[in-house]
$ cat start_19.txt   # compact mmCIF, C-alpha atoms
# COMPACT_ATOMS: atom_id res chain seq x y z
CA MET A 1 0.70 -22.19 -3.02
CA CYS A 2 2.56 -18.90 -3.27
CA GLY A 3 3.89 -19.41 -6.77
CA THR A 4 5.04 -23.01 -6.33
CA GLU A 5 4.04 -23.71 -9.90
CA LEU A 6 7.60 -22.67 -10.63
CA TYR A 7 9.10 -25.66 -8.92
CA PHE A 8 9.53 -29.37 -9.43
CA PHE A 9 8.06 -30.98 -6.34
CA CYS A 10 7.58 -34.70 -7.03
CA LEU A 11 5.35 -36.57 -4.59
CA VAL A 12 4.72 -40.31 -4.33
CA VAL A 13 1.84 -41.43 -2.13
CA MET A 14 2.26 -44.50 0.05
CA SER A 15 -0.43 -46.39 1.93
CA GLY A 16 -0.01 -47.99 5.34
CA ALA A 17 1.45 -46.20 8.35
CA ASN A 18 3.88 -49.02 9.16
CA THR A 19 5.08 -49.32 5.57
CA PHE A 20 5.65 -45.58 5.27
CA GLY A 21 7.45 -45.33 8.59
CA GLN A 22 9.74 -48.24 7.78
CA TRP A 23 10.59 -46.92 4.33
CA LYS A 24 11.23 -43.44 5.72
CA LYS A 25 13.62 -44.79 8.33
CA GLN A 26 15.38 -46.93 5.73
CA CYS A 27 15.73 -44.14 3.15
CA LEU A 28 16.94 -41.49 5.59
CA GLY A 29 19.48 -43.94 7.02
CA LYS A 30 21.10 -44.65 3.66
CA VAL A 31 24.48 -43.32 2.57
CA ASP A 32 24.23 -40.32 0.22
CA PHE A 33 25.53 -41.58 -3.15
CA SER A 34 25.19 -38.25 -4.96
CA LYS A 35 28.29 -36.72 -6.56
CA LYS A 36 28.52 -34.18 -3.73
CA GLY A 37 27.70 -36.70 -1.00
CA SER A 38 25.60 -34.32 1.10
CA VAL A 39 22.53 -32.07 1.00
CA ASP A 40 23.17 -28.67 -0.58
CA GLU A 41 23.40 -25.92 2.03
CA ASP A 42 20.86 -23.60 0.37
CA ILE A 43 18.12 -26.23 0.47
CA GLY A 44 19.13 -28.01 3.68
CA HIS A 45 16.56 -26.20 5.83
CA VAL A 46 13.72 -27.29 3.51
CA VAL A 47 14.92 -30.91 3.52
CA SER A 48 15.21 -30.93 7.33
CA PHE A 49 11.77 -29.35 7.75
CA LEU A 50 10.10 -31.99 5.58
CA ASN A 51 11.98 -34.91 7.12
CA GLU A 52 10.89 -33.80 10.58
CA ARG A 53 7.23 -34.05 9.52
CA GLU A 54 5.48 -37.34 10.19
CA ASN A 55 3.87 -37.59 6.75
CA TYR A 56 6.81 -36.64 4.53
CA PHE A 57 10.40 -37.44 3.72
CA THR A 58 12.79 -36.47 0.93
CA THR A 59 14.55 -38.96 -1.33
CA SER A 60 16.73 -36.53 -3.31
CA SER A 61 17.28 -32.82 -3.72
CA CYS A 62 19.44 -30.21 -5.41
CA SER A 63 19.55 -26.49 -4.65
CA GLY A 64 20.26 -25.71 -8.30
CA ARG A 65 23.50 -25.81 -10.23
CA ILE A 66 25.56 -24.47 -13.12
CA VAL A 67 27.21 -27.41 -14.85
CA LEU A 68 29.39 -27.91 -17.89
CA VAL A 69 28.84 -31.39 -19.31
CA ASP A 70 30.79 -33.21 -21.99
CA GLY A 71 28.52 -35.44 -24.04
CA VAL A 72 29.03 -38.01 -26.77
CA PRO A 73 29.62 -36.18 -30.10
CA ASP A 74 26.58 -35.91 -32.36
CA SER A 75 24.31 -37.43 -29.69
CA PRO A 76 21.08 -35.58 -28.79
CA ASP A 77 21.06 -37.23 -25.36
CA VAL A 78 22.77 -35.04 -22.73
CA ARG A 79 21.50 -36.89 -19.67
CA LYS A 80 24.11 -37.24 -16.95
CA GLN A 81 24.56 -41.01 -17.41
CA ASN A 82 25.68 -40.38 -20.99
CA CYS A 83 28.16 -37.60 -20.29
CA SER A 84 30.94 -36.47 -17.99
CA TRP A 85 30.89 -33.37 -15.81
CA LEU A 86 33.70 -30.95 -16.56
CA PHE A 87 32.55 -28.33 -14.05
CA VAL A 88 29.76 -27.92 -11.52
CA SER A 89 28.83 -25.14 -9.09
CA HIS A 90 25.87 -24.85 -6.71
CA GLY A 91 26.36 -21.10 -6.60
CA LYS A 92 27.51 -18.37 -8.98
CA CYS A 93 30.63 -19.14 -10.97
CA ALA A 94 33.53 -17.33 -12.68
CA THR A 95 34.05 -17.26 -16.45
CA GLU A 96 37.69 -18.34 -16.16
CA ASP A 97 36.65 -21.52 -14.30
CA VAL A 98 34.23 -22.44 -17.07
CA VAL A 99 36.79 -21.67 -19.80
CA SER A 100 39.42 -23.75 -18.01
CA ALA A 101 37.04 -26.70 -17.77
CA LEU A 102 35.90 -26.27 -21.36
CA ARG A 103 39.47 -26.73 -22.59
CA LYS A 104 39.36 -30.28 -21.20
CA SER A 105 36.41 -31.21 -23.40
CA SER A 106 36.76 -34.09 -25.85
CA GLY A 107 33.09 -34.33 -26.84
CA ASP A 108 30.12 -31.98 -27.18
CA ALA A 109 30.33 -29.46 -24.34
CA VAL A 110 27.12 -27.88 -23.04
CA LEU A 111 26.74 -25.28 -20.29
CA LYS A 112 23.55 -25.78 -18.30
CA PHE A 113 21.75 -24.07 -15.47
CA GLU A 114 19.31 -26.31 -13.60
CA PRO A 115 16.95 -24.90 -10.92
CA PHE A 116 16.36 -26.56 -7.57
CA VAL A 117 14.72 -29.96 -7.46
CA LEU A 118 13.05 -31.73 -4.56
CA HIS A 119 11.67 -35.30 -4.53
CA VAL A 120 9.31 -36.05 -1.65
CA GLN A 121 7.48 -39.18 -0.49
CA CYS A 122 4.02 -38.66 1.06
CA LYS A 123 2.12 -40.84 3.47
CA ARG A 124 -1.44 -39.98 2.40
CA LEU A 125 -3.25 -38.75 -0.66
CA GLU A 126 -4.23 -35.57 1.18
CA ASP A 127 -0.54 -34.82 1.81
CA ALA A 128 0.11 -34.93 -1.92
CA GLN A 129 -2.01 -31.84 -2.53
CA LEU A 130 1.17 -29.76 -2.17
CA LEU A 131 2.03 -30.56 -5.75
CA ALA A 132 3.96 -28.34 -8.12
CA VAL A 133 5.54 -28.75 -11.54
CA ARG A 134 8.96 -28.41 -13.10
CA SER A 135 10.35 -24.94 -13.48
CA THR A 136 11.04 -23.39 -16.87
CA HIS A 137 13.83 -21.37 -15.22
CA CYS A 138 16.54 -23.31 -17.10
CA LEU A 139 19.44 -22.69 -19.47
CA GLU A 140 21.23 -25.00 -21.90
CA VAL A 141 23.86 -23.64 -24.31
CA PRO A 142 26.24 -25.66 -26.56
CA LEU A 143 29.81 -24.37 -26.36
CA GLY A 144 31.88 -27.05 -28.06
CA HIS A 145 31.75 -29.91 -30.56
CA LYS A 146 34.08 -32.91 -30.70
CA GLY A 147 36.46 -31.21 -28.30
CA GLU A 148 36.61 -27.97 -30.27
CA ILE A 149 35.44 -24.71 -28.66
CA LEU A 150 32.91 -23.11 -31.01
CA VAL A 151 32.40 -19.72 -29.37
CA SER A 152 34.50 -16.79 -28.20
CA GLU A 153 35.50 -16.20 -24.59
CA GLU A 154 33.41 -13.04 -24.72
CA TYR A 155 30.34 -15.10 -25.54
CA ILE A 156 31.17 -17.58 -22.75
CA CYS A 157 31.37 -14.62 -20.35
CA PHE A 158 27.94 -13.47 -21.53
CA VAL A 159 26.40 -16.93 -21.05
CA VAL A 160 27.98 -17.33 -17.60
CA SER A 161 26.54 -13.95 -16.55
CA ILE A 162 23.06 -15.14 -17.56
CA ALA A 163 23.56 -18.39 -15.64
CA ASN A 164 24.64 -16.42 -12.56
CA LEU A 165 21.53 -14.21 -12.77
CA LYS A 166 19.39 -17.34 -12.95
CA MET A 167 21.19 -18.74 -9.92
CA GLU A 168 20.44 -15.55 -7.96
CA GLU A 169 16.75 -15.78 -8.88
CA ASN A 170 16.77 -19.49 -8.07
CA LEU A 171 17.95 -18.81 -4.51
CA LYS A 172 15.21 -16.22 -4.07
CA ARG A 173 12.65 -18.76 -5.26
CA ILE A 174 13.95 -21.32 -2.78
CA ASP A 175 13.37 -18.79 0.00
CA ARG A 176 9.82 -18.01 -1.20
CA PHE A 177 9.05 -21.68 -1.64
CA SER A 178 10.38 -22.49 1.83
CA GLN A 179 8.23 -19.80 3.47
CA CYS A 180 5.09 -20.90 1.63
CA LEU A 181 5.69 -24.59 2.30
CA MET A 182 6.24 -24.05 6.02
CA ALA A 183 3.18 -21.81 6.29
CA ALA A 184 1.01 -24.35 4.47
CA LEU A 185 2.13 -27.33 6.57
CA GLN A 186 1.87 -25.41 9.83
CA GLN A 187 -1.63 -24.30 8.87
CA GLU A 188 -2.51 -27.90 8.04
CA GLN A 189 -1.25 -29.04 11.44
CA SER A 190 -3.24 -26.30 13.16
CA THR A 191 -6.38 -27.30 11.25
CA CYS A 192 -5.91 -30.95 12.17
CA SER A 193 -5.45 -30.01 15.83
CA THR A 194 -8.63 -27.89 15.78
CA GLU A 195 -10.58 -30.69 14.14
CA GLY A 196 -9.30 -33.11 16.77
CA GLU A 197 -10.33 -30.76 19.57
CA ASN A 198 -13.77 -30.31 18.02
CA LYS A 199 -14.22 -34.08 17.79
CA GLU A 200 -13.24 -34.45 21.44
CA LYS A 201 -15.71 -31.72 22.44
CA SER A 202 -18.49 -33.36 20.41
CA ALA A 203 -17.80 -36.73 22.01
CA TYR A 204 -17.84 -35.11 25.46
CA LYS A 205 -21.18 -33.40 24.74
CA ARG A 206 -22.70 -36.69 23.58
CA ARG A 207 -21.56 -38.41 26.76
CA ARG A 208 -23.02 -35.59 28.84
CA ARG A 209 -26.38 -35.85 27.06
CA ARG A 210 -26.47 -39.60 27.60
CA GLN A 211 -25.68 -39.14 31.28
CA GLN A 212 -28.41 -36.53 31.61
CA ARG A 213 -30.95 -38.83 29.91
CA ASP A 214 -29.95 -41.66 32.27
CA LEU A 215 -30.47 -39.36 35.26
CA VAL A 216 -33.93 -38.41 34.02
CA ARG A 217 -34.89 -42.08 33.72
CA LEU A 218 -33.76 -42.62 37.30

$ encode --input "start_19.txt" --output "structure tokens"
Amino acid sequence: MCGTELYFFCLVVMSGANTFGQWKKQCLGKVDFSKKGSVDEDIGHVVSFLNERENYFTTSSCSGRIVLVDGVPDSPDVRKQNCSWLFVSHGKCATEDVVSALRKSSGDAVLKFEPFVLHVQCKRLEDAQLLAVRSTHCLEVPLGHKGEILVSEEYICFVVSIANLKMEENLKRIDRFSQCLMAALQQEQSTCSTEGENKEKSAYKRRRRRQQRDLVRL
């Protein structure tokens, strides 16, 4: 679907209209416990579009971010539950902000760029055909070890410039993804409406034939 193989679009299929509707209402009514506490502006229109559809709702999302994390020294695990965030931006960032945050490091500091992520629940198996995979449009660069900065400020500037370029491309991909997703779902709705109309016409024709046969018998 228009290059969506570049994106992480996780879908979980649920059975039962009542179950799905109840879970959707419950999930969308929950307080947002993310660090930011709200949906990122650059992906808000996609989240709203999906949540307005009967057969979909989102459980989490991120428009993409540049983040400086401080992990446990000598640990290969840099997942967010095992590290602290020294700096995070959902847009392009300045080198001086990253350097300032890096000076606060006491562990293994890593600068990361993470592309946009969207987790979606689906009502039916057919709805889950809009499936894509995780992007390779990422960046992860070690900058410090045990609180000591290992690279020059010039190198940090270079890495930040790469992260900013990736963020620009990420926002373009969100726009392309949004257009393709909306076109696909609108086409699906149009197809379903046409199929429904055709079924109604077929049922009407069958009734008419039965009525005509009954008249002939009379």

$ residues_near_point --input "start_19.txt" --point "(7.9, -39.2, 9.3)" --cutoff "12 Å" --atoms "all atoms listed in the file" --output "number ranges by chain"
A: 17-28, 48-58, 120-124

$ closest_residue --input "start_19.txt" --among "A:Val31, A:Ser89, A:Gly44, A:Leu68" --to "A:Ile156" --atoms "all atoms listed in the file"
A:Leu68

$ closest_residue --input "start_19.txt" --among "A:Asp32, A:Asp97, A:Asp127, A:Glu148" --to "A:Thr59" --atoms "only C-alpha atoms"
A:Asp32

$ residues_around --input "start_19.txt" --residues "A:Ile174" --least-positions-apart "6" --cutoff "10 Å" --atoms "only C-alpha atoms" --output "list in words"
Thr4, Tyr7, Asp42, Ile43, Val46, Ser63, Gly64, Pro115, Phe116, Val117 and Cys180 of chain A

$ atom_distance --input "start_19.txt" --atom1 "atom CA of A:Lys104" --atom2 "atom CA of A:Arg65"
19.8 Å

$ closest_residue --input "start_19.txt" --among "A:Lys36, A:His45, A:Arg173, A:Lys146" --to "A:Asp108" --atoms "only C-alpha atoms"
A:Lys146

$ atom_distance --input "start_19.txt" --atom1 "atom CA of A:Glu154" --atom2 "atom CA of A:Arg103"
15.1 Å

$ closest_residue --input "start_19.txt" --among "A:Gly29, A:Gly37, A:Lys92, A:Lys112" --to "A:Val69" --atoms "only C-alpha atoms"
A:Lys112

$ closest_residue --input "start_19.txt" --among "A:Ser61, A:Ser161, A:Ser106, A:Ser38" --to "A:Cys93" --atoms "all atoms listed in the file"
A:Ser161

$ atom_distance --input "start_19.txt" --atom1 "atom CA of A:Ala109" --atom2 "atom CA of A:Leu143"
5.5 Å
